[in-house]
Structures are given as structure tokens and as C-alpha cells.
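Colleague: You'll find data.cif just under this line, and it carries mmCIF, C-alpha atoms and all ligand atoms.
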data_protein
#
loop_
_atom_site.label_atom_id
_atom_site.label_comp_id
_atom_site.auth_asym_id
_atom_site.auth_seq_id
_atom_site.Cartn_x
_atom_site.Cartn_y
_atom_site.Cartn_z
CA MET A 1 -35.39 -9.53 19.37
CA ARG A 2 -35.10 -13.34 19.47
CA LEU A 3 -33.70 -13.19 15.94
CA GLY A 4 -31.18 -10.62 17.11
CA VAL A 5 -30.04 -12.92 19.88
CA LEU A 6 -29.66 -15.79 17.41
CA VAL A 7 -27.63 -13.59 15.06
CA ALA A 8 -25.41 -12.49 17.96
CA VAL A 9 -24.84 -16.10 19.06
CA LEU A 10 -24.03 -17.15 15.47
CA ALA A 11 -21.71 -14.17 15.12
CA VAL A 12 -19.80 -15.26 18.24
CA LEU A 13 -19.71 -18.90 17.10
CA PHE A 14 -18.65 -18.29 13.52
CA GLY A 15 -17.53 -14.68 13.45
CA GLY A 16 -14.13 -14.28 14.99
CA THR A 17 -12.54 -11.85 12.61
CA ALA A 18 -13.11 -14.00 9.52
CA ALA A 19 -16.49 -12.54 8.62
CA ALA A 20 -15.91 -9.15 10.21
CA ASP A 21 -16.98 -5.84 8.72
CA PRO A 22 -15.94 -5.33 5.14
CA ARG A 23 -12.98 -3.35 5.75
CA VAL A 24 -7.68 -3.29 3.41
CA VAL A 25 -8.38 -6.62 5.61
CA GLY A 26 -9.40 -6.08 9.22
CA GLY A 27 -9.12 -2.29 9.00
CA ASP A 28 -11.49 0.67 9.00
CA ARG A 29 -12.55 3.49 6.75
CA VAL A 30 -10.22 6.44 7.12
CA SER A 31 -10.46 10.05 6.03
CA ILE A 32 -8.20 11.12 3.18
CA ALA A 33 -7.99 14.54 4.85
CA ASP A 34 -5.85 12.88 7.52
CA HIS A 35 -3.65 11.15 4.90
CA PRO A 36 -3.62 13.63 1.96
CA TRP A 37 -0.58 11.96 0.34
CA VAL A 38 -2.31 8.63 -0.33
CA VAL A 39 -3.30 8.20 -4.01
CA TYR A 40 -4.62 5.45 -6.23
CA ILE A 41 -3.57 4.48 -9.72
CA THR A 42 -5.91 3.65 -12.58
CA ASP A 43 -5.75 2.63 -16.20
CA ALA A 44 -7.10 4.95 -18.92
CA SER A 45 -10.63 3.64 -18.26
CA GLY A 46 -10.46 4.64 -14.59
CA ASN A 47 -10.08 1.13 -13.16
CA GLN A 48 -8.07 1.25 -9.93
CA PHE A 49 -5.32 -1.38 -9.74
CA CYS A 50 -2.74 -0.07 -7.24
CA GLY A 51 -2.01 2.56 -4.61
CA GLY A 52 0.76 5.10 -4.29
CA THR A 53 2.18 7.88 -2.13
CA LEU A 54 2.68 11.50 -3.13
CA VAL A 55 6.22 12.46 -2.05
CA ALA A 56 6.57 15.77 -3.96
CA PRO A 57 4.11 17.95 -5.96
CA THR A 58 4.78 15.94 -9.15
CA LYS A 59 6.14 12.64 -7.77
CA VAL A 60 4.40 9.47 -6.59
CA VAL A 61 6.18 6.44 -5.13
CA THR A 62 4.54 3.10 -5.93
CA ALA A 63 5.57 -0.53 -6.43
CA GLY A 64 7.69 -1.65 -9.38
CA HIS A 65 5.11 -4.33 -10.15
CA CYS A 66 2.41 -1.64 -10.40
CA ALA A 67 4.35 0.34 -13.00
CA VAL A 68 6.39 -2.16 -15.00
CA GLY A 69 5.23 -2.54 -18.60
CA ARG A 70 2.85 0.42 -18.34
CA THR A 71 2.94 3.56 -20.42
CA ALA A 72 2.51 7.07 -19.06
CA ARG A 73 -0.29 7.55 -21.60
CA SER A 74 -2.35 4.67 -20.22
CA THR A 75 -1.94 5.50 -16.52
CA ARG A 76 -3.63 8.01 -14.16
CA VAL A 77 -3.08 9.05 -10.56
CA VAL A 78 -6.13 10.04 -8.51
CA VAL A 79 -5.38 12.53 -5.72
CA GLY A 80 -7.75 13.55 -2.93
CA ARG A 81 -10.57 11.08 -3.66
CA GLU A 82 -11.49 8.86 -0.73
CA ASP A 83 -14.56 7.37 -2.42
CA LYS A 84 -13.80 5.94 -5.86
CA GLN A 85 -17.39 6.67 -6.91
CA SER A 86 -17.13 10.38 -6.15
CA THR A 87 -15.66 13.06 -8.42
CA LYS A 88 -13.74 14.81 -5.64
CA GLY A 89 -10.02 15.55 -5.94
CA LYS A 90 -8.13 15.33 -9.19
CA VAL A 91 -7.28 12.80 -11.89
CA VAL A 92 -3.74 13.55 -13.05
CA ARG A 93 -1.95 12.28 -16.14
CA LEU A 94 1.69 11.19 -16.15
CA SER A 95 4.74 12.48 -18.00
CA GLY A 96 7.02 9.63 -16.98
CA ILE A 97 7.46 6.29 -15.24
CA TRP A 98 10.68 5.10 -13.60
CA VAL A 99 10.94 1.51 -12.39
CA HIS A 100 13.92 0.45 -10.30
CA PRO A 101 16.43 -1.01 -12.79
CA ASP A 102 16.94 -4.13 -10.62
CA TYR A 103 13.21 -4.92 -10.43
CA THR A 104 12.21 -8.32 -11.81
CA SER A 105 9.34 -9.48 -9.55
CA ALA A 106 7.98 -8.35 -6.20
CA ASP A 107 9.44 -11.26 -4.23
CA GLN A 108 12.95 -10.54 -5.58
CA GLY A 109 13.08 -7.01 -4.08
CA SER A 110 13.65 -3.61 -5.73
CA ASP A 111 9.84 -3.38 -5.98
CA VAL A 112 9.73 0.41 -6.22
CA ALA A 113 8.82 2.90 -8.94
CA VAL A 114 8.36 6.66 -9.24
CA LEU A 115 5.62 8.22 -11.36
CA THR A 116 6.02 11.80 -12.57
CA LEU A 117 2.78 13.82 -12.79
CA ARG A 118 2.14 16.17 -15.69
CA GLU A 119 0.90 18.84 -13.31
CA ALA A 120 1.82 19.69 -9.74
CA VAL A 121 -0.78 18.95 -7.06
CA THR A 122 -1.19 20.90 -3.83
CA ALA A 123 -1.82 17.99 -1.47
CA ARG A 124 0.72 17.67 1.34
CA PRO A 125 3.37 15.06 0.46
CA ALA A 126 4.75 12.32 2.75
CA GLN A 127 8.39 12.17 3.88
CA LEU A 128 10.78 9.36 3.03
CA VAL A 129 12.07 7.49 6.08
CA GLN A 130 15.55 8.33 7.31
CA GLY A 131 17.61 5.88 9.32
CA GLU A 132 16.60 2.55 10.86
CA SER A 133 14.73 3.50 14.05
CA LEU A 134 11.22 3.21 12.55
CA TYR A 135 12.01 -0.38 11.52
CA ALA A 136 12.31 -1.49 15.15
CA PRO A 137 10.08 -4.56 15.62
CA GLY A 138 6.76 -3.65 17.20
CA THR A 139 6.72 -0.10 15.78
CA LYS A 140 3.08 0.70 15.07
CA ALA A 141 2.81 1.41 11.34
CA PHE A 142 -0.30 2.17 9.27
CA ALA A 143 -1.16 0.73 5.84
CA LEU A 144 -3.73 2.32 3.53
CA GLY A 145 -5.48 1.40 0.32
CA TRP A 146 -8.51 0.68 -1.81
CA GLY A 147 -7.70 -3.01 -2.24
CA ARG A 148 -9.62 -6.15 -1.33
CA THR A 149 -11.13 -6.40 2.13
CA SER A 150 -10.56 -10.18 2.14
CA GLU A 151 -8.89 -12.62 -0.27
CA GLN A 152 -12.16 -13.27 -2.07
CA ALA A 153 -13.78 -9.84 -1.77
CA PRO A 154 -13.82 -7.18 -4.48
CA ALA A 155 -11.63 -4.08 -4.08
CA SER A 156 -12.91 -1.46 -1.66
CA ARG A 157 -14.93 1.54 -2.82
CA TYR A 158 -13.57 3.59 0.10
CA LEU A 159 -10.09 4.28 1.43
CA MET A 160 -9.31 1.85 4.24
CA GLY A 161 -6.50 1.80 6.77
CA VAL A 162 -5.13 -0.65 9.31
CA THR A 163 -2.53 -0.43 12.06
CA LEU A 164 0.16 -3.11 11.70
CA PRO A 165 3.24 -3.67 13.84
CA VAL A 166 6.63 -3.87 12.12
CA VAL A 167 7.85 -7.49 12.29
CA SER A 168 11.45 -8.50 13.06
CA ASP A 169 13.54 -9.66 10.10
CA ASP A 170 14.09 -13.01 11.86
CA ASP A 171 10.35 -13.61 12.22
CA CYS A 172 9.77 -12.69 8.59
CA GLU A 173 12.53 -15.01 7.41
CA GLN A 174 10.72 -17.83 9.24
CA SER A 175 7.60 -16.92 7.32
CA TYR A 176 9.12 -16.60 3.83
CA SER A 177 12.30 -18.10 2.37
CA LEU A 178 12.33 -15.29 -0.21
CA PHE A 179 12.35 -12.54 2.43
CA LYS A 180 15.40 -10.28 2.14
CA ALA A 181 15.99 -7.78 4.95
CA GLU A 182 18.11 -5.54 2.69
CA SER A 183 15.16 -4.75 0.47
CA MET A 184 11.98 -5.72 2.36
CA VAL A 185 10.22 -5.28 5.69
CA CYS A 186 7.27 -7.26 7.06
CA ALA A 187 4.30 -5.94 9.01
CA GLY A 188 1.31 -7.64 10.58
CA TYR A 189 0.29 -10.12 13.24
CA ARG A 190 1.36 -13.76 13.68
CA GLU A 191 -2.31 -14.65 14.21
CA GLY A 192 -3.35 -12.88 10.97
CA GLY A 193 -6.65 -11.04 10.63
CA LYS A 194 -5.22 -7.64 9.61
CA ASP A 195 -3.24 -7.05 6.42
CA THR A 196 -3.04 -5.42 3.05
CA CYS A 197 -4.40 -7.36 0.07
CA GLN A 198 -4.62 -7.34 -3.71
CA GLY A 199 -5.14 -3.81 -5.01
CA ASP A 200 -3.31 -2.24 -2.05
CA SER A 201 0.02 -2.86 -3.77
CA GLY A 202 2.12 0.23 -4.31
CA GLY A 203 0.38 2.01 -1.45
CA PRO A 204 1.92 3.35 1.74
CA LEU A 205 3.09 1.79 4.97
CA VAL A 206 3.69 4.85 7.14
CA VAL A 207 4.51 5.98 10.64
CA GLY A 208 2.69 9.29 10.89
CA ASP A 209 3.52 11.10 7.64
CA THR A 210 6.74 9.15 7.08
CA LEU A 211 6.81 6.48 4.36
CA ILE A 212 8.64 3.35 5.56
CA GLY A 213 7.22 0.74 3.16
CA VAL A 214 5.51 0.18 -0.18
CA THR A 215 2.93 -2.62 -0.24
CA SER A 216 4.54 -5.39 -2.24
CA TRP A 217 3.60 -9.07 -1.71
CA GLY A 218 2.58 -11.86 0.63
CA GLU A 219 0.93 -15.27 0.59
CA GLY A 220 -2.78 -14.55 0.52
CA CYS A 221 -4.09 -11.87 2.85
CA ALA A 222 -4.29 -11.80 6.65
CA ARG A 223 -3.34 -15.48 6.98
CA PRO A 224 -1.72 -16.64 10.22
CA ASP A 225 2.09 -16.74 9.98
CA LYS A 226 1.98 -14.97 6.59
CA TYR A 227 2.87 -11.35 7.12
CA GLY A 228 2.50 -8.65 4.49
CA VAL A 229 5.80 -7.80 2.79
CA TYR A 230 6.67 -4.19 1.97
CA SER A 231 9.53 -2.67 0.00
CA ARG A 232 11.97 -1.23 2.52
CA VAL A 233 11.88 2.46 1.58
CA GLY A 234 14.96 3.23 3.71
CA ALA A 235 17.01 0.92 1.50
CA TYR A 236 15.98 2.89 -1.60
CA ARG A 237 16.03 6.38 -0.09
CA ASP A 238 18.96 7.71 -2.13
CA VAL A 239 17.80 6.39 -5.48
CA LEU A 240 14.23 7.54 -4.76
CA LEU A 241 15.42 11.03 -3.79
CA GLN A 242 17.39 11.15 -7.03
CA GLN A 243 14.23 10.33 -8.99
CA ILE A 244 12.16 12.79 -6.96
CA ALA A 245 14.66 15.55 -7.74
CA SER A 246 14.82 14.61 -11.39
CA THR A 247 13.09 16.69 -14.05
CA THR A 248 13.82 14.14 -16.75
CA THR A 249 11.27 11.37 -16.66
CA GLY A 250 12.84 7.89 -16.69
C1 LIG B 1 -1.24 -8.14 -4.06
O1 LIG B 1 -1.48 -9.13 -4.74
C2 LIG B 1 -0.93 -8.33 -2.62
N1 LIG B 1 -1.01 -9.56 2.15
C3 LIG B 1 -0.73 -7.23 -1.83
C4 LIG B 1 -0.45 -7.38 -0.50
C5 LIG B 1 -0.36 -8.63 0.04
C6 LIG B 1 -0.57 -9.75 -0.74
C7 LIG B 1 -0.86 -9.59 -2.08
C8 LIG B 1 -0.06 -8.79 1.49
O2 LIG B 1 -1.30 -7.02 -4.54
#
Mind turning this structure into C-alpha cells?
Ligand code: 4AZ
Modeller:
Amino acid sequence: MRLGVLVAVLAVLFGGTAAADPRVVGGDRVSIADHPWVVYITDASGNQFCGGTLVAPTKVVTAGHCAVGRTARSTRVVVGREDKQSTKGKVVRLSGIWVHPDYTSADQGSDVAVLTLREAVTARPAQLVQGESLYAPGTKAFALGWGRTSEQAPASRYLMGVTLPVVSDDDCEQSYSLFKAESMVCAGYREGGKDTCQGDSGGPLVVGDTLIGVTSWGEGCARPDKYGVYSRVGAYRDVLLQQIASTTTG
């Protein structure tokens, strides 16, 4: 066990959280049964590039930057599949894509889109946030996705999740000059270590089953003083509900 002791000492010396378990960044594997509304988005070849949230039997909320320039024909939503290498759940084709008309780039806001599925799925949908109370700084939110587990790592095979506190608008403004409280909300820790990362974009930031954010942008992943930035779902509630109710497909 002398080798084990050496490894433990080295882990303490160099480990911190930087080389922690491959897990989003700093999170853990989670069961999709507990979060049945979380989905991932692929191209026609099945390559995952974003996340999303089922909000009605045929409607998925994702990021504008995940959907812009795509065609319904070349895009799939995978429901109920925690392990990308399994065949569980369902691969669903789209009948329409709506991107917020004011979307230009993630850091300009309006980074939301709604995908319409060609067939209804039975998984339980998430709720859209109502009011401002869940945006109180320090509220414990949860981010989920199949994205990178560190800036340099490949995307995750398994669904990961991480608890992140909602950050005050003032603190986020200090972090990013492009932060806009009308359209964005930050989550994470000043010291870094836990965050969403590339490939998690479009996926949910929730409190329980209530969607409060859509993973949008940030400088790197899990860096100190660089929070994750999420589209502020409450600011887009009305326009999203309009799209969710719509039977025409943007
Ligand atoms: C991205 O590129 C991305 N750390 C997603 C989330 C964050 C940064 C980048 C937040 O999809």
C-alpha cells in the first residue's frame, strides 16, 4: 500500500478540484429518471452538440445559438437516454425551429429557441419559472448536461449534474461587461470548480422541476471569477409560452 499512500499524497498536493473525477465540470452522474425533461440535441449523424428541456409533449426549449442556422431535417432530439451509448429512450425528429427574433450571439442576450417535435413524447415536462423569487442570489439551482467535464476534456458519455448557486446581478456585472440582467442570470462559485461547459449549452438550469435558465455562455469553464451565464427564462416567459402553445412551427 506504499504506492497507495504516495498516490494519496500526490492527490492532496496536486489534486484540489482541478484533476477531480471526470464529471458538466465538478458535478456527478445523475439519473435521467429524476430529471425526465432533460434532452440532448444531435445532428443527423447522431453527434450530440447541445442540451435542451422538454416543456410540453412536442416542445423543447434550448439556446438560440444551438438552433440558429439549423434545419429541422438535420436535427434530432434524444429523450430519455442518460447514456449516449445506449439505445434507451427515443430519438425524435423535428417539424420546426423557432429562434428568438432578437438573437444575434449568446453574449448579446435573447439566446433562446423552441424546437417542435414531430411526435409527442410522454416524458414529464418541466415548468417555466414564474416571477422573480427563484432568482434571489444564493438560490440553489441545478445544471445538467452531456457537455465537457473540463475545458480540455471530451463531452461526457453520461448525463451529469451540478448544484450551482444563483449569483447576484451586481457580482455578475463585475465578472462580465457584457452581462445584462434583463436577459441573463449567472450561476456558480467565485472560486470556480463547478460549472457548465461546452456541449451543455441549451440545457437546463432548474430549481426542482422549474426551468430558470438556459445554458448560454461564459469565459472558459469553472474558472475563478468567471461564472456561467444562462438565458433568463423569466424574461422570455411570455414569448416562450406563445411558442409552446403554437401549432405553427416558426
Ligand atoms: C459553451 O461553449 C459554453 N461555463 C457553455 C457554458 C459555459 C461556457 C461555454 C459556461 O457551450
Colleague: Compile the contact shell of A:Ala136 as number ranges by chain: residues with an atom at most 12 Å away, counting only C-alpha atoms, same-chain residues fewer than 2 positions apart removed.
Modeller: A: 131-134, 138-141, 165-169, 185-187, 207, 212
Colleague: Rank A:Val39, A:Val55, A:Val61, A:Leu128 by their smallest atom-to-atom distance to A:Asp238, using all atoms listed in the file, and report the top residue only.
Modeller: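 Distance minimum relative to A:Asp238 lands on A:Leu128.
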Colleague: Please determine the residues with any atom at most 8 Å from (2.1, -10.0, 9.2) (coordinates as given in the file, with all atoms listed in the file counting) and report them as a PyMOL selection string.
Modeller: chain A and resi 164-165+167+186-190+192+194-195+222+224-229
Colleague: Would you give me, as JSON lines, each residue of chain A having an atom within 9 Å of an atom of ligand LIG 1 (chain B), along with its shortest atom pair and that distance in Å to one decimal, using all atoms listed in the file and sorting by chain and residue number?
Modeller:
{"residue": "A:Val25", "atom": "CA", "partner": "B:LIG1", "partner_atom": "N1", "distance": 8.7}
{"residue": "A:Phe49", "atom": "CA", "partner": "B:LIG1", "partner_atom": "O2", "distance": 8.7}
{"residue": "A:Cys50", "atom": "CA", "partner": "B:LIG1", "partner_atom": "O2", "distance": 7.6}
{"residue": "A:His65", "atom": "CA", "partner": "B:LIG1", "partner_atom": "O2", "distance": 8.9}
{"residue": "A:Cys66", "atom": "CA", "partner": "B:LIG1", "partner_atom": "O2", "distance": 8.8}
{"residue": "A:Gly147", "atom": "CA", "partner": "B:LIG1", "partner_atom": "O2", "distance": 7.9}
{"residue": "A:Arg148", "atom": "CA", "partner": "B:LIG1", "partner_atom": "O2", "distance": 9.0}
{"residue": "A:Glu151", "atom": "CA", "partner": "B:LIG1", "partner_atom": "C7", "distance": 8.8}
{"residue": "A:Gly188", "atom": "CA", "partner": "B:LIG1", "partner_atom": "N1", "distance": 9.0}
{"residue": "A:Lys194", "atom": "CA", "partner": "B:LIG1", "partner_atom": "N1", "distance": 8.8}
{"residue": "A:Asp195", "atom": "CA", "partner": "B:LIG1", "partner_atom": "N1", "distance": 5.4}
{"residue": "A:Thr196", "atom": "CA", "partner": "B:LIG1", "partner_atom": "N1", "distance": 4.7}
{"residue": "A:Cys197", "atom": "CA", "partner": "B:LIG1", "partner_atom": "C4", "distance": 4.0}
{"residue": "A:Gln198", "atom": "CA", "partner": "B:LIG1", "partner_atom": "O2", "distance": 3.4}
{"residue": "A:Gly199", "atom": "CA", "partner": "B:LIG1", "partner_atom": "O2", "distance": 5.0}
{"residue": "A:Asp200", "atom": "CA", "partner": "B:LIG1", "partner_atom": "C3", "distance": 5.6}
{"residue": "A:Ser201", "atom": "CA", "partner": "B:LIG1", "partner_atom": "O2", "distance": 4.4}
{"residue": "A:Gly202", "atom": "CA", "partner": "B:LIG1", "partner_atom": "O2", "distance": 8.0}
{"residue": "A:Thr215", "atom": "CA", "partner": "B:LIG1", "partner_atom": "C4", "distance": 5.8}
{"residue": "A:Ser216", "atom": "CA", "partner": "B:LIG1", "partner_atom": "C3", "distance": 5.6}
{"residue": "A:Trp217", "atom": "CA", "partner": "B:LIG1", "partner_atom": "C6", "distance": 4.3}
{"residue": "A:Gly218", "atom": "CA", "partner": "B:LIG1", "partner_atom": "C6", "distance": 4.0}
{"residue": "A:Glu219", "atom": "CA", "partner": "B:LIG1", "partner_atom": "C6", "distance": 5.9}
{"residue": "A:Gly220", "atom": "CA", "partner": "B:LIG1", "partner_atom": "C6", "distance": 5.4}
{"residue": "A:Cys221", "atom": "CA", "partner": "B:LIG1", "partner_atom": "N1", "distance": 3.9}
{"residue": "A:Ala222", "atom": "CA", "partner": "B:LIG1", "partner_atom": "N1", "distance": 6.0}
{"residue": "A:Arg223", "atom": "CA", "partner": "B:LIG1", "partner_atom": "N1", "distance": 8.0}
{"residue": "A:Lys226", "atom": "CA", "partner": "B:LIG1", "partner_atom": "N1", "distance": 7.6}
{"residue": "A:Tyr227", "atom": "CA", "partner": "B:LIG1", "partner_atom": "N1", "distance": 6.6}
{"residue": "A:Gly228", "atom": "CA", "partner": "B:LIG1", "partner_atom": "C8", "distance": 3.9}
{"residue": "A:Val229", "atom": "CA", "partner": "B:LIG1", "partner_atom": "C8", "distance": 6.1}
{"residue": "A:Tyr230", "atom": "CA", "partner": "B:LIG1", "partner_atom": "C8", "distance": 8.2}
Colleague: Smallest atom-to-atom distance to A:Gln48: which of A:Gly203, A:Pro101, A:Gly213, A:Pro125, using only C-alpha atoms?
Modeller: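 Result for the nearest residue to A:Gln48: A:Gly203.
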Colleague: Take atom CA of A:Val112 and atom CA of A:Gly234 and report the distance between them in Å, one decimal.
Modeller: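 About the pair atom CA of A:Val112 and atom CA of A:Gly234: they are 11.6 Å apart.
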Colleague: Could you please determine the separation between atom CA of A:Gln242 and atom CA of A:Ala56 in Å, to one decimal place?
Modeller: 12.2 Å
Colleague: Atom CA of A:Ala155 and atom CA of A:Tyr40, how far apart in Å?
Modeller: 12.0 Å
Colleague: Please, which residues are within 6 Å of (6.1, 10.6, -16.9) by the file's coordinates, counting all atoms listed in the file, and could they come as a PDB file with C-alpha atoms, keeping the file's coordinate frame?
Modeller:
ATOM      1  CA  ALA A  72       2.510   7.070 -19.060  1.00  0.00           C
ATOM      2  CA  LEU A  94       1.690  11.190 -16.150  1.00  0.00           C
ATOM      3  CA  SER A  95       4.740  12.480 -18.000  1.00  0.00           C
ATOM      4  CA  GLY A  96       7.020   9.630 -16.980  1.00  0.00           C
ATOM      5  CA  ILE A  97       7.460   6.290 -15.240  1.00  0.00           C
ATOM      6  CA  THR A 116       6.020  11.800 -12.570  1.00  0.00           C
ATOM      7  CA  THR A 249      11.270  11.370 -16.660  1.00  0.00           C
TER       8      THR A 249
END
Colleague: Which residue is closest to A:Asp209? Choose from A:Gln127, A:Ser86, A:Ser110, A:Gln152 and count all atoms listed in the file.
Modeller: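 Distance minimum relative to A:Asp209 lands on A:Gln127.
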Colleague: Of the candidates A:Ser74, A:Pro137, A:Asp83, A:Gln130, which shows the shortest atom-to-atom distance to A:Asp171, using all atoms listed in the file?
Modeller: A:Pro137
Colleague: So, counting all atoms listed in the file, which residue among A:Arg93, A:Arg76, A:Lys180, A:Arg70 is closest to A:Ala106?
Modeller: A:Lys180
Colleague: Just need the box for stretch 235-238 of chain A, edges along x, y and z, holding every atom the file lists for it with 6 Å tacked onto each side, so centre and edge lengths in Å to one decimal, as JSON.
Modeller:
{"center_x": 17.5, "center_y": 4.3, "center_z": -0.3, "size_x": 15.0, "size_y": 18.8, "size_z": 15.6}
